[in-house]
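Visitor: Contents are compact mmCIF, C-alpha atoms and all ligand atoms; file name coords.txt:
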# COMPACT_ATOMS: atom_id res chain seq x y z
CA MET A 24 24.79 13.94 20.65
CA SER A 25 23.72 14.19 17.01
CA GLU A 26 21.07 11.88 15.49
CA ASP A 27 23.83 10.38 13.36
CA SER A 28 25.96 9.31 16.27
CA LYS A 29 23.06 7.59 18.02
CA LYS A 30 22.90 4.92 15.30
CA LYS A 31 23.96 1.45 16.22
CA VAL A 32 27.62 0.73 15.61
CA GLU A 33 28.28 -2.92 14.78
CA ASN A 34 31.35 -4.69 16.08
CA VAL A 35 32.12 -6.05 12.66
CA ILE A 36 30.69 -5.80 9.16
CA ILE A 37 31.79 -8.42 6.65
CA VAL A 38 31.51 -7.53 2.97
CA GLY A 39 31.28 -10.62 0.80
CA GLY A 40 29.54 -13.98 0.95
CA GLY A 41 31.91 -16.64 -0.32
CA PRO A 42 33.98 -19.14 1.66
CA ALA A 43 36.14 -16.33 3.10
CA GLY A 44 33.23 -14.12 4.19
CA TYR A 45 31.17 -16.96 5.67
CA THR A 46 34.15 -18.35 7.59
CA ALA A 47 34.90 -14.89 8.97
CA ALA A 48 31.22 -14.71 9.95
CA LEU A 49 31.30 -18.10 11.66
CA TYR A 50 34.33 -17.21 13.76
CA THR A 51 33.19 -13.70 14.70
CA ALA A 52 29.69 -15.00 15.51
CA ARG A 53 31.11 -17.68 17.81
CA ALA A 54 33.16 -14.91 19.48
CA ASN A 55 29.84 -13.14 20.27
CA LEU A 56 30.63 -10.24 17.95
CA GLU A 57 27.23 -10.51 16.20
CA PRO A 58 28.59 -9.96 12.68
CA LEU A 59 26.53 -8.34 9.96
CA VAL A 60 27.35 -9.81 6.53
CA PHE A 61 26.64 -8.11 3.22
CA GLU A 62 26.75 -11.29 1.20
CA GLY A 63 25.96 -9.85 -2.21
CA PHE A 64 22.88 -10.28 -4.34
CA GLN A 65 24.36 -13.48 -5.80
CA TRP A 66 25.53 -14.83 -2.44
CA GLY A 67 27.92 -17.75 -2.35
CA GLY A 68 30.63 -16.25 -4.57
CA GLN A 69 32.32 -18.19 -7.34
CA LEU A 70 31.22 -21.55 -5.89
CA GLN A 71 27.66 -20.75 -6.93
CA ASN A 72 28.84 -21.32 -10.51
CA THR A 73 30.65 -24.55 -9.74
CA THR A 74 29.30 -28.09 -9.91
CA ASP A 75 31.15 -30.82 -8.00
CA VAL A 76 33.73 -29.77 -5.45
CA GLU A 77 35.99 -32.73 -4.74
CA ASN A 78 38.98 -31.02 -3.14
CA TYR A 79 37.43 -29.42 -0.06
CA PRO A 80 38.58 -31.47 2.93
CA GLY A 81 35.78 -33.12 4.89
CA TYR A 82 33.63 -34.06 1.91
CA PRO A 83 35.00 -37.46 0.85
CA GLU A 84 32.20 -37.95 -1.68
CA GLY A 85 32.45 -34.37 -2.98
CA ILE A 86 29.69 -31.78 -2.79
CA MET A 87 28.02 -29.37 -5.22
CA GLY A 88 29.40 -25.82 -4.93
CA PRO A 89 26.05 -24.11 -4.16
CA GLU A 90 25.20 -26.74 -1.55
CA MET A 91 28.56 -26.24 0.12
CA MET A 92 27.98 -22.48 0.30
CA ASN A 93 24.52 -23.13 1.74
CA GLN A 94 26.15 -25.15 4.51
CA PHE A 95 28.82 -22.52 5.18
CA ARG A 96 26.06 -19.92 5.45
CA ALA A 97 23.87 -22.05 7.71
CA GLN A 98 26.80 -22.72 10.05
CA ALA A 99 27.49 -18.98 10.38
CA GLU A 100 23.76 -18.30 10.89
CA ARG A 101 23.54 -20.88 13.66
CA PHE A 102 25.70 -18.63 15.86
CA GLY A 103 23.73 -15.46 15.18
CA THR A 104 25.19 -14.01 11.99
CA ARG A 105 22.84 -11.57 10.28
CA PHE A 106 22.83 -11.40 6.47
CA VAL A 107 21.93 -8.73 3.96
CA THR A 108 21.54 -10.34 0.54
CA ASP A 109 22.53 -7.35 -1.50
CA ASP A 110 25.57 -5.68 -3.04
CA VAL A 111 27.13 -2.83 -1.12
CA ASP A 112 26.96 0.45 -3.06
CA ARG A 113 29.57 2.46 -1.21
CA VAL A 114 31.99 2.16 1.67
CA GLU A 115 33.61 4.90 3.74
CA LEU A 116 36.55 3.51 5.65
CA SER A 117 37.98 5.51 8.52
CA SER A 118 41.72 6.06 8.31
CA ASP A 119 42.22 6.69 12.03
CA GLY A 120 40.40 3.87 13.79
CA GLY A 121 37.06 5.68 13.75
CA VAL A 122 33.72 4.26 12.68
CA HIS A 123 33.57 2.71 9.21
CA LYS A 124 30.45 3.13 7.08
CA VAL A 125 28.86 0.77 4.59
CA PHE A 126 26.02 1.99 2.37
CA LEU A 127 23.16 0.27 0.61
CA GLY A 128 21.74 3.15 -1.40
CA ASP A 129 21.20 5.85 1.26
CA GLU A 130 20.97 3.32 4.08
CA GLU A 131 24.02 3.66 6.29
CA HIS A 132 25.51 0.87 8.41
CA ARG A 133 28.33 1.60 10.84
CA ALA A 134 30.99 -0.62 12.35
CA LYS A 135 34.09 -0.58 14.51
CA SER A 136 35.78 -3.07 12.19
CA VAL A 137 35.29 -4.29 8.63
CA ILE A 138 36.37 -7.51 6.97
CA LEU A 139 36.61 -7.18 3.20
CA ALA A 140 35.88 -10.49 1.45
CA MET A 141 34.53 -9.51 -1.95
CA GLY A 142 36.44 -12.16 -3.89
CA ALA A 143 37.56 -12.07 -7.49
CA GLU A 144 35.99 -12.92 -10.77
CA PRO A 145 37.58 -14.91 -13.54
CA LYS A 146 37.76 -12.86 -16.71
CA ARG A 147 35.40 -14.13 -19.38
CA LEU A 148 35.74 -14.09 -23.13
CA GLY A 149 32.14 -12.93 -23.50
CA VAL A 150 31.36 -15.26 -26.42
CA PRO A 151 28.26 -17.40 -27.05
CA GLY A 152 28.19 -20.74 -25.24
CA GLU A 153 30.73 -19.72 -22.59
CA MET A 154 28.20 -19.27 -19.78
CA GLU A 155 25.61 -21.70 -21.19
CA LEU A 156 28.14 -24.57 -21.17
CA ALA A 157 29.75 -23.66 -17.84
CA GLY A 158 29.89 -26.90 -15.85
CA ARG A 159 29.20 -28.85 -19.08
CA GLY A 160 32.67 -28.75 -20.55
CA VAL A 161 33.60 -25.10 -20.10
CA SER A 162 35.40 -24.09 -16.91
CA THR A 163 37.49 -21.26 -15.50
CA CYS A 164 39.29 -23.30 -12.84
CA GLY A 165 41.78 -25.98 -13.84
CA VAL A 166 42.63 -27.07 -10.31
CA CYS A 167 38.93 -27.37 -9.42
CA ASP A 168 37.73 -29.18 -12.54
CA GLY A 169 40.76 -30.73 -14.27
CA ALA A 170 40.16 -34.19 -12.78
CA PHE A 171 36.75 -34.38 -14.49
CA PHE A 172 38.43 -34.46 -17.90
CA LYS A 173 40.07 -37.88 -17.81
CA GLY A 174 40.57 -39.04 -21.39
CA HIS A 175 39.17 -35.82 -22.93
CA ARG A 176 40.44 -33.56 -25.68
CA VAL A 177 40.86 -30.22 -23.95
CA LEU A 178 41.65 -26.64 -24.94
CA VAL A 179 43.11 -24.11 -22.56
CA ILE A 180 42.49 -20.53 -23.64
CA GLY A 181 45.11 -17.94 -22.67
CA GLY A 182 48.86 -17.40 -22.81
CA GLY A 183 49.76 -16.29 -19.28
CA ASP A 184 51.12 -18.17 -16.27
CA SER A 185 47.61 -19.28 -15.27
CA ALA A 186 47.11 -20.95 -18.64
CA MET A 187 50.48 -22.69 -18.34
CA GLU A 188 49.87 -23.83 -14.78
CA ASP A 189 46.33 -25.04 -15.53
CA SER A 190 47.59 -26.88 -18.62
CA VAL A 191 50.25 -28.80 -16.73
CA PHE A 192 47.67 -29.81 -14.12
CA ILE A 193 44.92 -30.76 -16.57
CA SER A 194 47.34 -32.66 -18.83
CA LYS A 195 47.60 -35.30 -16.11
CA PHE A 196 43.99 -36.22 -16.87
CA ALA A 197 43.32 -35.15 -20.47
CA ASP A 198 44.43 -37.24 -23.44
CA GLU A 199 45.37 -34.24 -25.54
CA LEU A 200 45.60 -30.61 -24.51
CA THR A 201 46.04 -27.60 -26.78
CA ILE A 202 46.83 -24.13 -25.44
CA VAL A 203 45.08 -21.59 -27.66
CA ASN A 204 46.59 -18.10 -27.52
CA ARG A 205 45.43 -15.00 -29.39
CA ARG A 206 49.01 -13.98 -30.23
CA ASP A 207 52.07 -15.92 -31.37
CA GLU A 208 53.98 -14.55 -28.37
CA PHE A 209 53.06 -15.81 -24.90
CA ARG A 210 52.74 -13.55 -21.89
CA ALA A 211 53.73 -16.37 -19.54
CA SER A 212 57.13 -16.44 -17.83
CA LYS A 213 59.69 -18.50 -19.74
CA ILE A 214 59.97 -21.08 -17.00
CA MET A 215 56.21 -21.71 -16.89
CA TYR A 216 55.98 -21.80 -20.68
CA ASP A 217 58.90 -24.25 -20.98
CA ARG A 218 57.45 -26.46 -18.27
CA ALA A 219 54.10 -26.68 -20.05
CA LEU A 220 55.57 -27.30 -23.49
CA ALA A 221 57.83 -30.05 -22.13
CA VAL A 222 54.73 -32.15 -21.36
CA ASP A 223 54.14 -34.78 -24.08
CA ASN A 224 50.37 -34.30 -24.51
CA ILE A 225 50.46 -30.46 -24.57
CA ASP A 226 50.76 -28.42 -27.76
CA THR A 227 49.88 -24.86 -28.78
CA LEU A 228 47.70 -23.22 -31.41
CA THR A 229 48.31 -19.53 -32.27
CA PRO A 230 47.19 -16.88 -33.07
CA PHE A 231 43.55 -17.80 -32.52
CA THR A 232 40.68 -16.26 -30.56
CA PRO A 233 37.61 -18.30 -29.52
CA LEU A 234 34.39 -17.12 -31.13
CA GLU A 235 31.88 -19.63 -29.77
CA PHE A 236 31.57 -22.78 -27.65
CA LEU A 237 29.30 -25.31 -29.38
CA PRO A 238 27.34 -28.12 -27.71
CA GLY A 239 26.92 -31.65 -29.02
CA GLU A 240 23.67 -33.62 -28.98
CA ASP A 241 24.14 -34.41 -25.28
CA GLY A 242 24.17 -30.69 -24.46
CA LYS A 243 27.84 -30.77 -23.47
CA LEU A 244 30.73 -29.01 -25.16
CA ALA A 245 31.70 -30.65 -28.47
CA LYS A 246 33.47 -27.99 -30.54
CA VAL A 247 35.01 -24.54 -30.29
CA LYS A 248 34.78 -22.07 -33.15
CA LEU A 249 38.01 -20.07 -33.54
CA ARG A 250 39.07 -17.03 -35.56
CA HIS A 251 42.60 -16.56 -36.84
CA SER A 252 43.66 -13.28 -35.21
CA GLU A 253 45.45 -12.03 -38.34
CA THR A 254 43.55 -13.39 -41.35
CA GLY A 255 40.11 -13.44 -39.70
CA GLU A 256 39.52 -16.93 -41.09
CA GLU A 257 37.13 -19.02 -39.01
CA SER A 258 37.47 -22.71 -38.19
CA GLU A 259 36.15 -25.27 -35.71
CA ILE A 260 38.11 -27.58 -33.47
CA GLU A 261 36.74 -30.58 -31.60
CA ALA A 262 37.07 -30.46 -27.82
CA THR A 263 35.01 -31.81 -24.94
CA GLY A 264 36.75 -29.59 -22.40
CA ALA A 265 37.72 -25.91 -22.54
CA PHE A 266 39.35 -23.92 -19.77
CA VAL A 267 39.26 -20.15 -20.01
CA ALA A 268 42.42 -18.96 -18.22
CA ILE A 269 42.72 -15.32 -19.22
CA GLY A 270 43.15 -13.80 -15.76
CA HIS A 271 41.07 -12.64 -12.80
CA VAL A 272 39.70 -9.32 -11.63
CA PRO A 273 39.59 -8.68 -7.87
CA ARG A 274 36.28 -7.18 -6.76
CA SER A 275 37.88 -4.32 -4.89
CA GLU A 276 36.13 -1.50 -6.76
CA VAL A 277 34.21 -0.13 -3.73
CA VAL A 278 37.36 0.30 -1.63
CA LYS A 279 40.29 0.61 -4.01
CA ASP A 280 40.57 4.38 -3.61
CA GLN A 281 40.62 4.12 0.19
CA VAL A 282 42.75 1.10 1.04
CA ASP A 283 46.14 0.14 -0.43
CA VAL A 284 45.85 -2.14 -3.47
CA ASP A 285 48.51 -3.48 -5.85
CA GLU A 286 48.72 -2.58 -9.54
CA ASP A 287 46.12 -5.23 -10.41
CA GLY A 288 43.64 -4.06 -7.74
CA TYR A 289 44.27 -6.81 -5.15
CA ILE A 290 44.05 -5.46 -1.59
CA LYS A 291 47.42 -5.37 0.15
CA VAL A 292 47.74 -6.92 3.62
CA GLU A 293 50.63 -7.13 6.04
CA PRO A 294 52.44 -10.41 5.35
CA GLY A 295 51.20 -13.21 7.59
CA SER A 296 48.08 -11.30 8.61
CA THR A 297 44.87 -9.88 7.13
CA ARG A 298 45.57 -6.31 8.29
CA THR A 299 45.27 -3.63 5.61
CA ASN A 300 46.91 -0.21 5.94
CA LEU A 301 43.77 1.06 7.75
CA PRO A 302 43.21 0.27 11.43
CA GLY A 303 40.23 -2.01 11.93
CA VAL A 304 40.00 -2.94 8.25
CA PHE A 305 40.93 -6.50 7.28
CA ALA A 306 40.93 -8.24 3.91
CA VAL A 307 40.58 -11.96 3.21
CA GLY A 308 40.08 -14.45 0.39
CA ASP A 309 40.48 -13.92 -3.34
CA VAL A 310 40.28 -10.12 -3.16
CA VAL A 311 43.78 -10.43 -1.64
CA ASP A 312 45.06 -13.70 -3.08
CA HIS A 313 46.08 -13.99 -6.73
CA THR A 314 48.10 -17.12 -6.19
CA TYR A 315 46.12 -19.92 -4.55
CA ARG A 316 42.44 -18.97 -5.16
CA GLN A 317 40.97 -22.10 -3.59
CA ALA A 318 37.86 -22.36 -1.42
CA VAL A 319 39.93 -23.89 1.36
CA THR A 320 42.58 -21.14 1.29
CA ALA A 321 39.86 -18.47 1.18
CA ALA A 322 38.16 -20.08 4.19
CA GLY A 323 41.53 -20.19 5.99
CA THR A 324 42.14 -16.48 5.54
CA GLY A 325 38.50 -15.79 6.52
CA CYS A 326 39.30 -17.39 9.86
CA MET A 327 42.48 -15.28 10.13
CA GLY A 328 40.49 -12.12 9.41
CA ALA A 329 37.99 -12.95 12.15
CA LEU A 330 40.75 -13.53 14.70
CA ASP A 331 42.54 -10.35 13.64
CA ALA A 332 39.30 -8.35 13.98
CA GLU A 333 38.54 -9.89 17.36
CA ARG A 334 42.00 -8.98 18.66
CA TYR A 335 41.70 -5.49 17.22
CA LEU A 336 38.36 -4.95 19.01
CA ARG A 337 39.80 -6.32 22.22
CA ASP A 338 42.91 -4.14 22.17
CA SER A 339 41.63 -0.87 20.70
CA PRO A 340 39.51 1.66 22.55
CA PRO A 341 36.11 1.97 20.84
CA PRO A 342 35.83 5.04 18.61
CA VAL A 343 34.08 7.95 20.30
CA GLU A 344 31.20 7.72 17.80
CA ALA A 345 30.67 4.07 18.78
CA HIS A 346 28.97 4.83 22.11
CA TRP A 347 25.38 3.97 21.40
CA PHE A 348 22.51 4.42 23.79
CA PRO A 349 19.52 2.36 22.58
CA GLY A 350 17.04 4.19 24.81
CA GLY A 351 18.27 7.64 23.84
CA GLU A 352 20.85 9.74 25.59
CA PRO A 353 21.88 8.73 29.10
CA ALA A 354 20.63 10.92 31.95
CA GLU A 355 23.07 13.66 32.73
CA ILE A 356 25.25 12.83 35.68
CA ALA A 357 25.51 15.59 38.19
CA PRO A 358 29.10 16.59 38.80
CA THR A 359 30.37 15.44 42.15
CA ALA A 360 31.16 18.14 44.55
P1 LIG A 401 47.72 -12.65 -17.37
O1 LIG A 401 47.05 -11.33 -17.42
O2 LIG A 401 49.17 -12.71 -17.07
O3 LIG A 401 47.51 -13.40 -18.77
C1 LIG A 401 46.26 -13.42 -19.38
C2 LIG A 401 46.38 -14.13 -20.72
O4 LIG A 401 45.08 -14.21 -21.29
C3 LIG A 401 47.26 -13.42 -21.73
O5 LIG A 401 47.89 -14.36 -22.55
C4 LIG A 401 46.24 -12.59 -22.52
O6 LIG A 401 46.64 -12.35 -23.85
C5 LIG A 401 45.08 -13.57 -22.56
N1 LIG A 401 43.82 -12.88 -22.74
C6 LIG A 401 43.32 -11.86 -22.01
N2 LIG A 401 42.09 -11.50 -22.45
C7 LIG A 401 41.83 -12.31 -23.51
C8 LIG A 401 40.74 -12.43 -24.39
N3 LIG A 401 39.65 -11.64 -24.28
N4 LIG A 401 40.79 -13.36 -25.37
C9 LIG A 401 41.85 -14.18 -25.48
N5 LIG A 401 42.94 -14.12 -24.67
C10 LIG A 401 42.92 -13.19 -23.69
O7 LIG A 401 46.83 -13.51 -16.31
P2 LIG A 401 47.23 -14.82 -15.51
O8 LIG A 401 46.02 -15.23 -14.76
O9 LIG A 401 47.85 -15.82 -16.39
O10 LIG A 401 48.33 -14.32 -14.47
C11 LIG A 401 48.02 -13.26 -13.56
C12 LIG A 401 49.22 -13.04 -12.61
O11 LIG A 401 49.33 -14.17 -11.74
C13 LIG A 401 50.53 -12.92 -13.36
O12 LIG A 401 51.33 -12.00 -12.67
C14 LIG A 401 51.12 -14.30 -13.25
O13 LIG A 401 52.55 -14.32 -13.32
C15 LIG A 401 50.64 -14.74 -11.87
N6 LIG A 401 50.54 -16.19 -11.79
C16 LIG A 401 51.61 -16.87 -11.28
C17 LIG A 401 51.58 -18.24 -11.20
C18 LIG A 401 52.75 -18.93 -10.60
O14 LIG A 401 53.79 -18.33 -10.47
N7 LIG A 401 52.63 -20.17 -10.24
C19 LIG A 401 50.45 -19.03 -11.67
C20 LIG A 401 49.38 -18.22 -12.23
C21 LIG A 401 49.45 -16.86 -12.29
P3 LIG A 401 47.63 -11.10 -24.19
O15 LIG A 401 48.97 -11.54 -23.72
O16 LIG A 401 47.49 -10.96 -25.66
O17 LIG A 401 47.10 -9.92 -23.43
Let me see the structure of the file written as structure tokens.

Guide:
Amino acid sequence: MSEDSKKKVENVIIVGGGPAGYTAALYTARANLEPLVFEGFQWGGQLQNTTDVENYPGYPEGIMGPEMMNQFRAQAERFGTRFVTDDVDRVELSSDGGVHKVFLGDEEHRAKSVILAMGAEPKRLGVPGEMELAGRGVSTCGVCDGAFFKGHRVLVIGGGDSAMEDSVFISKFADELTIVNRRDEFRASKIMYDRALAVDNIDTLTPFTPLEFLPGEDGKLAKVKLRHSETGEESEIEATGAFVAIGHVPRSEVVKDQVDVDEDGYIKVEPGSTRTNLPGVFAVGDVVDHTYRQAVTAAGTGCMGALDAERYLRDSPPPVEAHWFPGGEPAEIAPTA
């Protein structure tokens, strides 16, 4: 047996530490699978950048995003989950049910199954004030934060279906809502566009690109500086809420050349399951889902991934490389006569 094949082979490695990854960890830990989670250097996923979460069931008073992730993590840890607080550098997924490998630099970790839960990132404009005023007027999630903008004057940046959908939702709370698009034409589907524009307190402003988010004396968003996309002329518009809805990027870069992904990079799974095209490789949460993108839906698919992995491990013979002898090689057994 080579040195390589004597290394421990985990039952399951989970890549990603958001609601999906931690829920997968909780379930696999309670199933005695001793999961190893690579939770990322900035563990907690998108909820680490969120303030109040009021729509996660079970928290009637709401909870701060980072605190909620702390609790998810602690619950998974209680049942023996081990965490590595770092970003995975490289992954080698087996295509035939063999051992999968996850690398941190040169350090190799091996597993019979892998649950991919790397999440997605909202695209950012990359302009001053956008990150500084996040949670103080600037948001990337209409469904999460819309209800905090009762009576506000709000801008929604973007011209796709997300911008339309967010606008309709936020308009239930905001006094006035303006969709700011960088072109006169909108990328959104006609039905979504028509639905948004039919709402009384929604209008549009084109073709403008945000240049800067400006705080007021209270440190919260007060104005947005815009540039006319054609003339270059700059102007300011008052707003106490701004939602950046210009799309998401799934964080599938470490696996996208090995596992099937769609044209936008989201990992493909068999409908109604978390199974990817590779045996023993499962995908959960926002790295799969470009529709719902909620903590509760991510947690739900994390649970599905854990159950799928558990069943896979139960029903599949362990890969040959997965026989591990902690005390070295077993004594040779004399052939029976
Ligand atoms: P899209 O990529 O469809 O749209 C992004 C929008 O943001 C475009 O208007 C784009 O402008 C604009 N944009 C991109 N970068 C910038 C920038 N740097 N500055 C200013 N504006 C920018 O993303 P969506 O999230 O809207 O949609 C993604 C997918 O999800 C789509 O397939 C959509 O149909 C689907 N979806 C479906 C929903 C539903 O059916 N209920 C709801 C939400 C999304 P430009 O057009 O100039 O590139």

Visitor: For ligand LIG 401 (chain A), which of A:Tyr315, A:Phe305, A:Tyr82, A:Tyr335 is the closest residue, counting only C-alpha atoms and all ligand atoms?

Guide: A:Tyr315

Visitor: Taking only C-alpha atoms and all ligand atoms into account, report as a ChimeraX atom specification which residues have an atom no farther than 6 Å from an atom of ligand LIG 401 (chain A).

Guide: /A:148,181-186,188,205-206,209-210,232,269-271,313

Visitor: Please identify all polymer residues within 7 Å of range 320-324 of chain A, counting all atoms listed in the file, omitting same-chain residues fewer than 5 positions from it, and present them as a list in words.

Guide: Pro42, Ala43, Thr46, Val307, Gly308, Asp309 and Tyr315 of chain A

Visitor: Which residue gives the smallest distance to Ala306 in chain A among A:Leu237, A:Val177, A:Glu130, A:Gly39, with only C-alpha atoms counted?

Guide: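 Closest to Ala306 in chain A of all the choices is A:Gly39.
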
Visitor: Could you list, as an MDAnalysis selection string, every residue within 7 Å of Leu200 in chain A, counting all atoms listed in the file and ignoring same-chain residues fewer than 6 positions away?

Guide: chainID A and resid 176:178 194 224:226

Visitor: Keeping only C-alpha atoms, take the residues you just selected and write them out as a PDB file, in the frame of the given file.

Guide:
ATOM      1  CA  ARG A 176      40.440 -33.560 -25.680  1.00  0.00           C
ATOM      2  CA  VAL A 177      40.860 -30.220 -23.950  1.00  0.00           C
ATOM      3  CA  LEU A 178      41.650 -26.640 -24.940  1.00  0.00           C
ATOM      4  CA  SER A 194      47.340 -32.660 -18.830  1.00  0.00           C
ATOM      5  CA  ASN A 224      50.370 -34.300 -24.510  1.00  0.00           C
ATOM      6  CA  ILE A 225      50.460 -30.460 -24.570  1.00  0.00           C
ATOM      7  CA  ASP A 226      50.760 -28.420 -27.760  1.00  0.00           C
TER       8      ASP A 226
END

Visitor: At what distance in Å, to one decimal, does CA of Arg316 in chain A lie from CA of Pro233 in chain A?

Guide: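 These two atoms are separated by 24.8 Å.
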
Visitor: Compile the contact shell of Gly88 in chain A as a ChimeraX atom specification: residues with an atom at most 7 Å away, counting all atoms listed in the file, same-chain residues fewer than 6 positions apart removed.

Guide: /A:70-71,73-76

Visitor: Store the residues of this selection in a file with C-alpha atoms, as a PDB file, in the frame of the given file.

Guide:
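The file below, selection-v7.pdb, is the result:
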ATOM      1  CA  LEU A  70      31.220 -21.550  -5.890  1.00  0.00           C
ATOM      2  CA  GLN A  71      27.660 -20.750  -6.930  1.00  0.00           C
ATOM      3  CA  THR A  73      30.650 -24.550  -9.740  1.00  0.00           C
ATOM      4  CA  THR A  74      29.300 -28.090  -9.910  1.00  0.00           C
ATOM      5  CA  ASP A  75      31.150 -30.820  -8.000  1.00  0.00           C
ATOM      6  CA  VAL A  76      33.730 -29.770  -5.450  1.00  0.00           C
TER       7      VAL A  76
END

Visitor: Work out how far CA of Thr299 in chain A is from CA of Pro340 in chain A, in Å to one decimal.

Guide: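 Spanning CA of Pro340 in chain A to CA of Thr299 in chain A is a straight-line distance of 18.7 Å.
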
Visitor: So the first atom is CA of Gly121 in chain A and the second is CA of Gly328 in chain A; what is the distance between them in Å, to one decimal place?

Guide: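 It comes out at 18.6 Å.
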
Visitor: Set out as CSV a contact list for range 130-246 of chain A and range 50-56 of chain A with a cut-off of 12 Å, giving each residue of range 130-246 of chain A that qualifies its closest atom pair and distance in Å to one decimal, counting all atoms listed in the file, ordered by chain and rising residue number.

Guide:
residue,atom,partner,partner_atom,distance
A:Ala134,CA,A:Leu56,CA,11.1
A:Lys135,CA,A:Leu56,CA,10.8
A:Ser136,CA,A:Leu56,CA,10.5
A:Val137,CA,A:Thr51,CA,11.4
A:Ile138,CA,A:Thr51,CA,10.4

Visitor: Could you list, as a PyMOL selection string, every residue within 10 Å of Gly67 in chain A, counting only C-alpha atoms and ignoring same-chain residues fewer than 5 positions away?

Guide: chain A and resi 39-45+62+72+88-93+95-96

Visitor: Can you write just those residues out, C-alpha atoms, as an mmCIF file, in the frame of the given file?

Guide:
data_model
loop_
_atom_site.group_PDB
_atom_site.id
_atom_site.type_symbol
_atom_site.label_atom_id
_atom_site.label_comp_id
_atom_site.auth_asym_id
_atom_site.auth_seq_id
_atom_site.Cartn_x
_atom_site.Cartn_y
_atom_site.Cartn_z
ATOM 1 C CA GLY A 39 31.280 -10.620 0.800
ATOM 2 C CA GLY A 40 29.540 -13.980 0.950
ATOM 3 C CA GLY A 41 31.910 -16.640 -0.320
ATOM 4 C CA PRO A 42 33.980 -19.140 1.660
ATOM 5 C CA ALA A 43 36.140 -16.330 3.100
ATOM 6 C CA GLY A 44 33.230 -14.120 4.190
ATOM 7 C CA TYR A 45 31.170 -16.960 5.670
ATOM 8 C CA GLU A 62 26.750 -11.290 1.200
ATOM 9 C CA ASN A 72 28.840 -21.320 -10.510
ATOM 10 C CA GLY A 88 29.400 -25.820 -4.930
ATOM 11 C CA PRO A 89 26.050 -24.110 -4.160
ATOM 12 C CA GLU A 90 25.200 -26.740 -1.550
ATOM 13 C CA MET A 91 28.560 -26.240 0.120
ATOM 14 C CA MET A 92 27.980 -22.480 0.300
ATOM 15 C CA ASN A 93 24.520 -23.130 1.740
ATOM 16 C CA PHE A 95 28.820 -22.520 5.180
ATOM 17 C CA ARG A 96 26.060 -19.920 5.450
#

Visitor: Which neighbours of Thr227 in chain A fall inside 9 Å, counting all atoms listed in the file, when residues of the same chain fewer than 4 positions from it are skipped, and could you give them as JSON, numbers by chain?

Guide: {"A": [200, 201, 202, 203, 204, 220]}

Visitor: Just give me the residues with any atom within 12 Å of (34.8, -0.5, -8.2), file coordinates, counting all atoms listed in the file, written as a list of chain:residue names.

Guide: A:Asp110, A:Val111, A:Asp112, A:Arg113, A:Val114, A:Met141, A:Ala143, A:Val272, A:Pro273, A:Arg274, A:Ser275, A:Glu276, A:Val277, A:Val278, A:Lys279, A:Asp280, A:Gln281, A:Gly288, A:Tyr289

Visitor: Give the answer as one residue: which of A:Gly149, A:Gly160, A:Gly255, A:Pro342 has the shortest atom-to-atom distance to Pro230 in chain A, using only C-alpha atoms?

Guide: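 Ranked by minimum distance to Pro230 in chain A, first place goes to A:Gly255.
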
Visitor: Point out the residue among A:Ala262, A:Leu228, A:Val38, A:Leu249 with the least atom-to-atom distance to Phe106 in chain A, counting all atoms listed in the file.

Guide: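 Among the listed residues, A:Val38 lies closest to Phe106 in chain A.
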
Visitor: Counting all atoms listed in the file, I want the residues whose atoms come within 12 Å of (27.3, -21.6, -18.7) in the file frame, returned as number ranges by chain.

Guide: A: 71-74, 147, 149-163, 236-238, 242-244, 265

Visitor: Find, counting all atoms listed in the file, the residue in A:Pro341, A:Gly85, A:Gly165, A:Gly63 that gets nearest to Pro145 in chain A.

Guide: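 Counting all atoms listed in the file, the residue closest to Pro145 in chain A is A:Gly165.
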
Visitor: Just so I have it separately, write range 216-223 of chain A from the block I sent, keeping N, CA and C atoms, as a PDB file, in the first residue's frame.

Guide:
ATOM      1  N   TYR A 216     -41.148  43.290 -16.324  1.00  0.00           N
ATOM      2  CA  TYR A 216     -41.037  44.744 -16.494  1.00  0.00           C
ATOM      3  C   TYR A 216     -42.430  45.384 -16.380  1.00  0.00           C
ATOM      4  N   ASP A 217     -43.389  44.815 -17.100  1.00  0.00           N
ATOM      5  CA  ASP A 217     -44.759  45.377 -17.091  1.00  0.00           C
ATOM      6  C   ASP A 217     -45.349  45.335 -15.688  1.00  0.00           C
ATOM      7  N   ARG A 218     -45.089  44.252 -15.003  1.00  0.00           N
ATOM      8  CA  ARG A 218     -45.637  44.100 -13.644  1.00  0.00           C
ATOM      9  C   ARG A 218     -45.071  45.188 -12.716  1.00  0.00           C
ATOM     10  N   ALA A 219     -43.784  45.446 -12.851  1.00  0.00           N
ATOM     11  CA  ALA A 219     -43.165  46.465 -11.990  1.00  0.00           C
ATOM     12  C   ALA A 219     -43.699  47.857 -12.333  1.00  0.00           C
ATOM     13  N   LEU A 220     -43.747  48.136 -13.625  1.00  0.00           N
ATOM     14  CA  LEU A 220     -44.157  49.496 -14.035  1.00  0.00           C
ATOM     15  C   LEU A 220     -45.644  49.771 -13.814  1.00  0.00           C
ATOM     16  N   ALA A 221     -46.416  48.711 -13.594  1.00  0.00           N
ATOM     17  CA  ALA A 221     -47.849  48.888 -13.318  1.00  0.00           C
ATOM     18  C   ALA A 221     -48.090  49.335 -11.868  1.00  0.00           C
ATOM     19  N   VAL A 222     -47.050  49.262 -11.040  1.00  0.00           N
ATOM     20  CA  VAL A 222     -47.207  49.640  -9.630  1.00  0.00           C
ATOM     21  C   VAL A 222     -47.126  51.171  -9.522  1.00  0.00           C
ATOM     22  N   ASP A 223     -48.082  51.761  -8.811  1.00  0.00           N
ATOM     23  CA  ASP A 223     -48.223  53.227  -8.756  1.00  0.00           C
ATOM     24  C   ASP A 223     -46.971  53.951  -8.297  1.00  0.00           C
TER      25      ASP A 223
END
